[in-house]
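J.: My file is work-v5.cif. It has mmCIF, C-alpha atoms:
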```cif
data_start
loop_
_atom_site.label_atom_id
_atom_site.label_comp_id
_atom_site.auth_asym_id
_atom_site.auth_seq_id
_atom_site.Cartn_x
_atom_site.Cartn_y
_atom_site.Cartn_z
CA PHE A 1 136.10 34.68 -16.01
CA PHE A 2 134.40 37.50 -17.88
CA PHE A 3 133.56 38.58 -21.42
CA GLN A 4 136.24 40.53 -23.27
CA ALA A 5 135.40 41.22 -26.91
CA GLU A 6 138.77 42.64 -27.98
CA ASP A 7 141.04 39.86 -26.76
CA GLY A 8 139.03 36.70 -27.14
CA ILE A 9 141.20 33.64 -26.68
CA ARG A 10 144.75 33.66 -28.01
CA ASP A 11 146.77 30.68 -26.89
CA TYR A 12 149.36 28.40 -28.37
CA LYS A 13 146.79 25.60 -28.32
CA VAL A 14 144.36 27.63 -30.44
CA THR A 15 145.38 27.77 -34.12
CA GLY A 16 143.81 29.08 -37.29
CA VAL A 17 141.15 31.26 -35.64
CA GLN A 18 140.87 34.17 -33.28
CA THR A 19 137.70 33.95 -31.25
CA CYS A 20 136.08 37.01 -29.71
CA ALA A 21 133.51 37.76 -27.02
CA LEU A 22 134.14 34.48 -25.27
CA PRO A 23 134.65 33.91 -21.53
CA ILE A 24 138.30 33.95 -20.52
CA TYR A 25 140.18 34.09 -17.24
CA VAL A 26 141.13 37.43 -15.70
CA ARG A 27 144.78 38.43 -16.03
CA SER A 28 146.68 41.39 -14.62
CA VAL A 29 147.96 42.72 -17.95
CA ARG A 30 147.54 41.69 -21.57
CA SER A 31 149.96 38.94 -22.50
CA ASP A 32 148.92 38.56 -26.14
CA GLU A 33 151.30 41.37 -27.10
CA TRP A 34 154.30 39.45 -25.86
CA ARG A 35 153.09 36.20 -27.41
CA GLY A 36 152.16 37.78 -30.71
CA ARG A 37 154.19 40.85 -31.63
CA THR A 38 157.50 40.10 -29.93
CA PRO A 39 158.41 37.05 -32.07
CA LEU A 40 157.44 39.04 -35.17
CA VAL A 41 159.78 41.91 -34.22
CA VAL A 42 162.66 39.47 -33.73
CA ARG A 43 161.80 37.80 -37.04
CA GLN A 44 161.96 41.18 -38.76
CA SER A 45 165.45 41.88 -37.41
CA ARG A 46 166.74 38.46 -38.47
CA THR A 47 165.34 38.76 -42.00
CA GLY A 48 166.59 42.30 -42.71
CA PHE A 49 163.36 44.18 -41.90
CA PRO A 50 161.48 43.33 -45.12
CA ALA A 51 158.63 45.62 -46.20
CA SER A 52 156.32 42.74 -47.17
CA THR A 53 155.68 39.24 -45.91
CA ASP A 54 153.65 36.16 -46.72
CA LEU A 55 153.08 35.47 -43.03
CA GLY A 56 149.39 34.66 -42.60
CA MET A 57 147.06 34.66 -45.59
CA GLY A 58 148.64 36.05 -48.77
CA ARG A 59 151.32 38.70 -49.10
CA HIS A 60 150.84 42.00 -47.32
CA ASP A 61 152.57 45.07 -45.89
CA THR A 62 154.74 44.10 -42.94
CA GLY A 63 154.64 47.58 -41.42
CA VAL A 64 150.87 47.43 -41.06
CA LEU A 65 151.11 44.04 -39.34
CA SER A 66 151.32 44.90 -35.63
CA ASP A 67 153.28 48.09 -36.42
CA LEU A 68 156.44 46.12 -37.21
CA PRO A 69 159.70 47.90 -38.13
CA VAL A 70 160.58 47.85 -41.85
CA ARG A 71 163.60 49.16 -43.72
CA ALA A 72 161.59 51.28 -46.14
CA ALA A 73 160.22 54.79 -46.72
CA PRO A 74 157.21 54.39 -44.36
CA THR A 75 159.66 54.46 -41.43
CA VAL A 76 159.62 58.25 -41.86
CA LEU A 77 156.13 58.09 -40.33
CA ARG A 78 157.26 55.71 -37.59
CA PRO A 79 160.27 57.43 -36.03
CA HIS A 80 160.00 55.14 -33.01
CA HIS A 81 161.32 52.34 -35.26
CA VAL A 82 164.59 54.08 -36.16
CA ALA A 83 166.28 52.63 -33.07
CA TYR A 84 165.97 49.12 -34.54
CA PHE A 85 168.41 50.08 -37.30
CA VAL A 86 170.87 51.76 -34.92
CA VAL A 87 171.17 49.94 -31.60
CA GLY A 88 169.87 46.43 -32.35
CA VAL A 89 166.62 44.67 -31.67
CA GLU A 90 167.00 44.18 -27.89
CA ARG A 91 167.78 47.79 -27.00
CA ALA A 92 165.37 49.12 -29.61
CA PHE A 93 162.59 46.92 -28.23
CA ALA A 94 163.26 48.27 -24.73
CA PHE A 95 163.33 51.84 -26.07
CA GLU A 96 160.00 51.35 -27.83
CA TRP A 97 158.31 50.07 -24.70
CA TRP A 98 159.74 52.81 -22.51
CA LEU A 99 158.42 55.29 -25.08
CA GLU A 100 154.94 53.90 -24.42
CA VAL A 101 155.18 55.37 -20.90
CA VAL A 102 157.35 58.41 -21.55
CA GLY A 103 155.43 59.32 -24.72
CA PRO A 104 152.26 60.58 -22.98
CA LEU A 105 154.43 62.56 -20.57
CA LEU A 106 156.35 64.29 -23.37
CA GLY A 107 153.32 64.82 -25.61
CA LEU A 108 151.03 66.27 -22.97
CA TYR A 109 153.87 68.36 -21.54
CA ALA A 110 154.40 69.99 -24.95
CA LEU A 111 150.68 70.58 -25.46
CA MET A 112 150.08 71.99 -21.98
CA VAL A 113 153.11 74.27 -22.20
CA VAL A 114 151.63 75.80 -25.35
CA LEU A 115 148.14 76.04 -23.83
CA THR A 116 148.97 77.24 -20.31
CA ARG A 117 152.55 78.57 -20.58
CA ASP A 118 153.05 77.01 -17.14
CA ARG A 119 155.77 74.34 -16.98
CA LEU A 120 154.67 73.07 -13.58
CA VAL A 121 151.09 72.46 -14.75
CA ALA A 122 152.41 70.88 -17.94
CA THR A 123 154.75 68.57 -16.02
CA LEU A 124 152.07 67.44 -13.57
CA THR A 125 149.58 66.82 -16.40
CA GLY A 126 152.13 64.73 -18.26
CA LEU A 127 152.96 62.71 -15.14
CA VAL A 128 149.30 62.00 -14.43
CA ALA A 129 148.86 60.70 -17.96
CA ALA A 130 152.08 58.66 -17.95
CA LEU A 131 151.18 57.00 -14.64
CA ALA A 132 147.56 56.31 -15.60
CA PRO A 133 146.57 52.64 -15.16
CA VAL A 134 145.38 52.46 -18.76
CA PHE A 135 148.97 52.62 -20.03
CA ALA A 136 150.13 50.03 -17.52
CA TRP A 137 147.34 47.59 -18.42
CA TRP A 138 147.13 48.22 -22.13
CA SER A 139 150.47 46.59 -22.82
CA THR A 140 150.40 46.91 -26.59
CA ALA A 141 152.56 49.01 -28.86
CA GLY A 142 150.87 52.18 -30.01
CA ALA A 143 148.77 53.51 -27.12
CA GLY A 144 151.39 55.84 -25.67
CA LEU A 145 152.74 56.62 -29.12
CA MET A 146 149.34 57.82 -30.32
CA VAL A 147 149.11 60.21 -27.37
CA LEU A 148 152.66 61.40 -28.08
CA TYR A 149 152.18 62.03 -31.81
CA GLY A 150 148.66 63.43 -31.44
CA CYS A 151 149.63 65.92 -28.73
CA LEU A 152 152.78 66.99 -30.58
CA ALA A 153 150.75 67.55 -33.76
CA THR A 154 148.22 69.68 -31.90
CA ALA A 155 150.92 71.64 -30.06
CA ALA A 156 152.75 72.36 -33.31
CA PHE A 157 149.50 73.48 -34.96
CA LEU A 158 148.82 75.91 -32.12
CA VAL A 159 152.35 77.30 -32.39
CA ALA A 160 151.83 77.76 -36.14
CA LEU A 161 148.71 79.83 -35.46
CA ARG A 162 150.44 82.00 -32.89
CA THR A 163 153.63 82.78 -34.79
CA GLY A 164 154.51 84.05 -38.24
CA GLY A 165 157.10 83.83 -40.98
CA TRP A 166 159.43 80.84 -41.17
CA ARG A 167 158.46 79.73 -37.67
CA ARG A 168 154.88 79.26 -38.82
CA VAL A 169 156.06 77.21 -41.79
CA LEU A 170 158.28 74.98 -39.65
CA ALA A 171 155.56 74.50 -37.03
CA ALA A 172 152.97 73.67 -39.69
CA VAL A 173 155.32 71.13 -41.33
CA ALA A 174 155.96 69.54 -37.91
CA ALA A 175 152.21 69.44 -37.23
CA GLY A 176 151.54 67.72 -40.54
CA TRP A 177 154.34 65.20 -39.99
CA MET A 178 153.19 64.34 -36.46
CA ALA A 179 149.57 64.09 -37.64
CA ALA A 180 150.65 61.59 -40.32
CA CYS A 181 152.61 59.59 -37.71
CA PHE A 182 149.51 59.62 -35.53
CA ALA A 183 147.18 58.44 -38.30
CA THR A 184 149.40 55.63 -39.56
CA LEU A 185 149.33 53.81 -36.23
CA LEU A 186 145.92 52.57 -37.39
CA TYR A 187 144.27 51.60 -34.12
CA LEU A 188 140.85 53.20 -34.29
CA PRO A 189 139.71 52.64 -30.67
CA TRP A 190 142.50 55.04 -29.66
CA LEU A 191 142.77 57.19 -32.78
CA VAL A 192 139.12 58.28 -32.96
CA PRO A 193 138.65 59.54 -29.37
CA LEU A 194 142.08 61.18 -29.33
CA ALA A 195 141.36 62.87 -32.66
CA LEU A 196 138.04 64.17 -31.35
CA VAL A 197 139.57 65.63 -28.17
CA LEU A 198 142.67 67.10 -29.80
CA GLY A 199 140.63 68.32 -32.77
CA ALA A 200 138.38 70.21 -30.36
CA VAL A 201 141.46 71.88 -28.83
CA ALA A 202 142.70 72.94 -32.26
CA LEU A 203 139.23 74.18 -33.26
CA ALA A 204 138.92 76.24 -30.09
CA GLU A 205 142.26 77.88 -30.85
CA ALA A 206 141.16 78.63 -34.41
CA ILE A 207 137.92 80.20 -33.15
CA GLY A 208 139.96 82.32 -30.74
CA VAL A 209 142.09 83.58 -33.64
CA VAL A 210 138.94 84.57 -35.54
CA GLN A 211 137.51 86.40 -32.53
CA ASP A 212 140.77 88.27 -31.85
CA GLN A 213 141.71 89.21 -35.41
CA GLY A 214 138.46 89.19 -37.34
CA VAL A 215 137.45 86.88 -40.15
CA ARG A 216 139.64 88.33 -42.92
CA SER A 217 142.80 88.63 -40.87
CA ALA A 218 142.25 85.23 -39.32
CA ALA A 219 141.74 83.68 -42.75
CA ARG A 220 145.21 84.84 -43.78
CA VAL A 221 146.57 82.94 -40.79
CA LEU A 222 144.34 79.89 -40.72
CA LEU A 223 144.09 78.96 -44.39
CA PRO A 224 147.82 78.79 -45.24
CA THR A 225 148.53 76.96 -41.98
CA ALA A 226 145.72 74.44 -42.46
CA ILE A 227 146.65 73.86 -46.11
CA LEU A 228 150.30 73.27 -45.24
CA VAL A 229 149.42 70.90 -42.38
CA ALA A 230 147.01 68.97 -44.62
CA ALA A 231 149.51 68.83 -47.49
CA VAL A 232 152.37 67.50 -45.36
CA GLY A 233 150.15 65.11 -43.44
CA GLY A 234 148.38 63.86 -46.58
CA ALA A 235 151.64 63.34 -48.46
CA GLY A 236 153.06 61.37 -45.57
CA ALA A 237 150.00 59.22 -44.99
#
```
How would this structure read if it were set down as structure tokens?
T.:
Amino acid sequence: FFFQAEDGIRDYKVTGVQTCALPIYVRSVRSDEWRGRTPLVVRQSRTGFPASTDLGMGRHDTGVLSDLPVRAAPTVLRPHHVAYFVVGVERAFAFEWWLEVVGPLLGLYALMVVLTRDRLVATLTGLVAALAPVFAWWSTAGAGLMVLYGCLATAAFLVALRTGGWRRVLAAVAAGWMAACFATLLYLPWLVPLALVLGAVALAEAIGVVQDQGVRSAARVLLPTAILVAAVGGAGA
């Protein structure tokens, strides 16, 4: 066994408490996701996808609880849940888990296409990310989705800086929407490092705009774009 602070012990014999930083046996992939979230997803589908629940201690937001699908406005910021209302819980559950693998591929492909303008490089980068062991081991909803939404938000922001007119507006709105989807997944061990890396990419692009166009000209590009991204993202979150 070894020490694993995040998982602790979660077993059907352990009730009322989640212990952490205790010795447990090694396992190939995390099984707590299947034991914990899966029954809750099925419960949601059988009860009409309620937006609140008294499961646990007190009444709280169901959507925040393990990123469960709800039939409410917050679904706009969780587009990966739409399938639950269209194709049923079994197919939607499969779609969501496939998206955990395909998501990094699509997100990094979009970002690398914008950065390098080379589809081959973008495809290979996406494949490397999608096949990374971390996504195979970290069998919990949200990891691949955070990479997908974060990369799409950054790619859309870069497009907004490089274009003008209505294309800039559409790209900025898309960037704000994807940024809000990214933020509402609420898993800080993934959100913080991804935000730091992707934020550095966006900052480097902004600095390049300033160097190419000068401060005044760049301000006319950067400020409206940043304000629109922040407004859309803040309204969504």
J.: Nearest to A:Val82 among A:Leu148, A:Ala130, A:Val70, A:Leu222, with distances taken over only C-alpha atoms: which residue is it?
T.: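 Among the listed residues, the smallest separation from A:Val82 belongs to A:Val70.
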J.: Which distance in Å separates atom CA of A:Pro79 and atom CA of A:Val113, to one decimal?
T.: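 Calculated distance between atom CA of A:Pro79 and atom CA of A:Val113 is 22.9 Å.
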J.: Using the chain letters and numbering of this document, enumerate as a CSV table (one decimal) with C-alpha atoms, keeping the file's coordinate frame the residues selected by the PyMOL selection byres ((chain A and resi 44) around 10).
T.:
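Wrote expr.csv, looks like this:
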```csv
chain,number,residue,atom,x,y,z
A,38,THR,CA,157.5,40.1,-29.9
A,39,PRO,CA,158.4,37.0,-32.1
A,40,LEU,CA,157.4,39.0,-35.2
A,41,VAL,CA,159.8,41.9,-34.2
A,42,VAL,CA,162.7,39.5,-33.7
A,43,ARG,CA,161.8,37.8,-37.0
A,45,SER,CA,165.4,41.9,-37.4
A,46,ARG,CA,166.7,38.5,-38.5
A,47,THR,CA,165.3,38.8,-42.0
A,48,GLY,CA,166.6,42.3,-42.7
A,49,PHE,CA,163.4,44.2,-41.9
A,50,PRO,CA,161.5,43.3,-45.1
A,51,ALA,CA,158.6,45.6,-46.2
A,53,THR,CA,155.7,39.2,-45.9
A,62,THR,CA,154.7,44.1,-42.9
A,68,LEU,CA,156.4,46.1,-37.2
A,69,PRO,CA,159.7,47.9,-38.1
A,70,VAL,CA,160.6,47.8,-41.8
A,71,ARG,CA,163.6,49.2,-43.7
A,84,TYR,CA,166.0,49.1,-34.5
A,89,VAL,CA,166.6,44.7,-31.7
```
J.: So which residues get picked by the PyMOL selection byres ((chain A and resi 169) around 12) here, written as a VMD selection string?
T.: chain A and resid 156 to 157 159 to 168 170 to 176 221 224 to 229 232
J.: What's around stretch 103-106 of chain A at 8 Å? Count all atoms listed in the file, leave out sequence neighbours fewer than 2 positions away in its own chain, and write the answer as a PyMOL selection string.
T.: chain A and resi 99-101+108-110+123+125-127+129-130+144-145+147-148
J.: Please measure the separation of atom CA of A:Ala180 and atom CA of A:Ala231, giving the value in Å to one decimal.
T.: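 Calculated distance between atom CA of A:Ala180 and atom CA of A:Ala231 is 10.3 Å.
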J.: Give me, please, the distance in Å between atom CA of A:Gly88 and atom CA of A:Phe182, quoted to one decimal.
T.: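 These two atoms are separated by 24.5 Å.
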J.: For A:Ala230, which residue among A:Ala122, A:Trp177, A:Pro74, A:Val192 is the nearest when counting only C-alpha atoms?
T.: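 Of A:Ala122, A:Trp177, A:Pro74, A:Val192, the one nearest A:Ala230, counting only C-alpha atoms, is A:Trp177.
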J.: Have a look at A:Thr184, A:Thr154, A:Ser52, A:Thr75 and name the one nearest to A:Gly107; count only C-alpha atoms.
T.: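 Of the candidates, the smallest distance to A:Gly107 is held by A:Thr154.
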J.: Give me stretch 127-158 of chain A from this structure - N, CA, C and O atoms, as a short mmCIF file (atom, residue, chain, number, x, y, z; two decimals), in the first residue's frame.
T.:
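result.cif, freshly written:
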```
data_model
loop_
_atom_site.label_atom_id
_atom_site.label_comp_id
_atom_site.auth_asym_id
_atom_site.auth_seq_id
_atom_site.Cartn_x
_atom_site.Cartn_y
_atom_site.Cartn_z
N LEU A 127 -3.02 14.17 -30.24
CA LEU A 127 -2.94 12.72 -30.01
C LEU A 127 -2.07 12.39 -28.80
O LEU A 127 -2.41 11.51 -28.00
N VAL A 128 -0.94 13.08 -28.68
CA VAL A 128 -0.06 12.86 -27.53
C VAL A 128 -0.81 13.15 -26.23
O VAL A 128 -0.73 12.39 -25.26
N ALA A 129 -1.56 14.24 -26.21
CA ALA A 129 -2.31 14.59 -25.01
C ALA A 129 -3.41 13.58 -24.74
O ALA A 129 -3.62 13.13 -23.60
N ALA A 130 -4.16 13.19 -25.78
CA ALA A 130 -5.28 12.28 -25.60
C ALA A 130 -4.84 10.91 -25.13
O ALA A 130 -5.56 10.23 -24.38
N LEU A 131 -3.64 10.49 -25.54
CA LEU A 131 -3.13 9.16 -25.17
C LEU A 131 -2.26 9.19 -23.93
O LEU A 131 -1.69 8.17 -23.55
N ALA A 132 -2.14 10.33 -23.29
CA ALA A 132 -1.30 10.45 -22.10
C ALA A 132 -1.86 9.58 -20.97
O ALA A 132 -3.08 9.51 -20.78
N PRO A 133 -1.00 8.91 -20.22
CA PRO A 133 -1.46 8.04 -19.13
C PRO A 133 -2.32 8.75 -18.10
O PRO A 133 -3.18 8.14 -17.48
N VAL A 134 -2.10 10.07 -17.92
CA VAL A 134 -2.85 10.78 -16.89
C VAL A 134 -4.35 10.74 -17.16
O VAL A 134 -5.16 10.65 -16.24
N PHE A 135 -4.75 10.74 -18.42
CA PHE A 135 -6.18 10.69 -18.73
C PHE A 135 -6.73 9.27 -18.62
O PHE A 135 -7.91 9.08 -18.38
N ALA A 136 -5.88 8.29 -18.81
CA ALA A 136 -6.31 6.91 -18.63
C ALA A 136 -6.45 6.57 -17.15
O ALA A 136 -7.38 5.87 -16.73
N TRP A 137 -5.54 7.09 -16.33
CA TRP A 137 -5.59 6.77 -14.89
C TRP A 137 -6.61 7.62 -14.16
O TRP A 137 -7.37 7.14 -13.32
N TRP A 138 -6.65 8.91 -14.52
CA TRP A 138 -7.50 9.82 -13.77
C TRP A 138 -8.93 9.67 -14.28
O TRP A 138 -9.46 10.50 -14.99
N SER A 139 -9.54 8.57 -13.91
CA SER A 139 -10.87 8.24 -14.44
C SER A 139 -11.96 8.97 -13.69
O SER A 139 -12.77 8.38 -13.00
N THR A 140 -11.97 10.27 -13.80
CA THR A 140 -13.02 11.08 -13.18
C THR A 140 -13.50 12.13 -14.17
O THR A 140 -12.71 12.64 -14.96
N ALA A 141 -14.77 12.41 -14.14
CA ALA A 141 -15.31 13.38 -15.08
C ALA A 141 -14.69 14.76 -14.84
O ALA A 141 -14.60 15.21 -13.70
N GLY A 142 -14.26 15.40 -15.89
CA GLY A 142 -13.79 16.76 -15.78
C GLY A 142 -12.38 17.00 -16.25
O GLY A 142 -12.07 18.09 -16.73
N ALA A 143 -11.48 16.03 -16.14
CA ALA A 143 -10.08 16.26 -16.50
C ALA A 143 -9.95 16.61 -17.99
O ALA A 143 -9.40 17.66 -18.35
N GLY A 144 -10.45 15.73 -18.85
CA GLY A 144 -10.37 16.00 -20.28
C GLY A 144 -11.21 17.19 -20.69
O GLY A 144 -10.85 17.92 -21.61
N LEU A 145 -12.34 17.38 -20.00
CA LEU A 145 -13.22 18.50 -20.32
C LEU A 145 -12.55 19.84 -20.02
O LEU A 145 -12.73 20.82 -20.74
N MET A 146 -11.79 19.89 -18.93
CA MET A 146 -11.10 21.13 -18.59
C MET A 146 -10.05 21.48 -19.64
O MET A 146 -9.87 22.65 -20.00
N VAL A 147 -9.34 20.47 -20.15
CA VAL A 147 -8.38 20.72 -21.22
C VAL A 147 -9.10 21.19 -22.47
O VAL A 147 -8.67 22.13 -23.15
N LEU A 148 -10.24 20.55 -22.78
CA LEU A 148 -11.02 20.93 -23.96
C LEU A 148 -11.50 22.39 -23.87
O LEU A 148 -11.22 23.20 -24.76
N TYR A 149 -12.19 22.73 -22.79
CA TYR A 149 -12.75 24.07 -22.67
C TYR A 149 -11.65 25.13 -22.53
O TYR A 149 -11.75 26.23 -23.10
N GLY A 150 -10.59 24.83 -21.77
CA GLY A 150 -9.51 25.79 -21.60
C GLY A 150 -8.79 26.09 -22.90
O GLY A 150 -8.52 27.25 -23.22
N CYS A 151 -8.49 25.04 -23.67
CA CYS A 151 -7.79 25.25 -24.94
C CYS A 151 -8.68 25.96 -25.95
O CYS A 151 -8.20 26.83 -26.71
N LEU A 152 -9.97 25.61 -25.99
CA LEU A 152 -10.88 26.29 -26.91
C LEU A 152 -11.02 27.77 -26.55
O LEU A 152 -11.09 28.63 -27.44
N ALA A 153 -11.08 28.08 -25.25
CA ALA A 153 -11.17 29.47 -24.82
C ALA A 153 -9.93 30.26 -25.26
O ALA A 153 -10.03 31.38 -25.77
N THR A 154 -8.76 29.66 -25.07
CA THR A 154 -7.52 30.33 -25.45
C THR A 154 -7.43 30.50 -26.96
O THR A 154 -7.03 31.56 -27.46
N ALA A 155 -7.78 29.45 -27.70
CA ALA A 155 -7.74 29.53 -29.17
C ALA A 155 -8.68 30.62 -29.68
O ALA A 155 -8.32 31.41 -30.56
N ALA A 156 -9.89 30.69 -29.11
CA ALA A 156 -10.84 31.72 -29.54
C ALA A 156 -10.34 33.12 -29.20
O ALA A 156 -10.53 34.06 -29.98
N PHE A 157 -9.69 33.26 -28.06
CA PHE A 157 -9.13 34.57 -27.68
C PHE A 157 -8.04 34.99 -28.65
O PHE A 157 -7.97 36.16 -29.06
N LEU A 158 -7.19 34.06 -29.05
CA LEU A 158 -6.13 34.39 -30.01
C LEU A 158 -6.73 34.78 -31.36
O LEU A 158 -6.25 35.71 -32.01
#
```
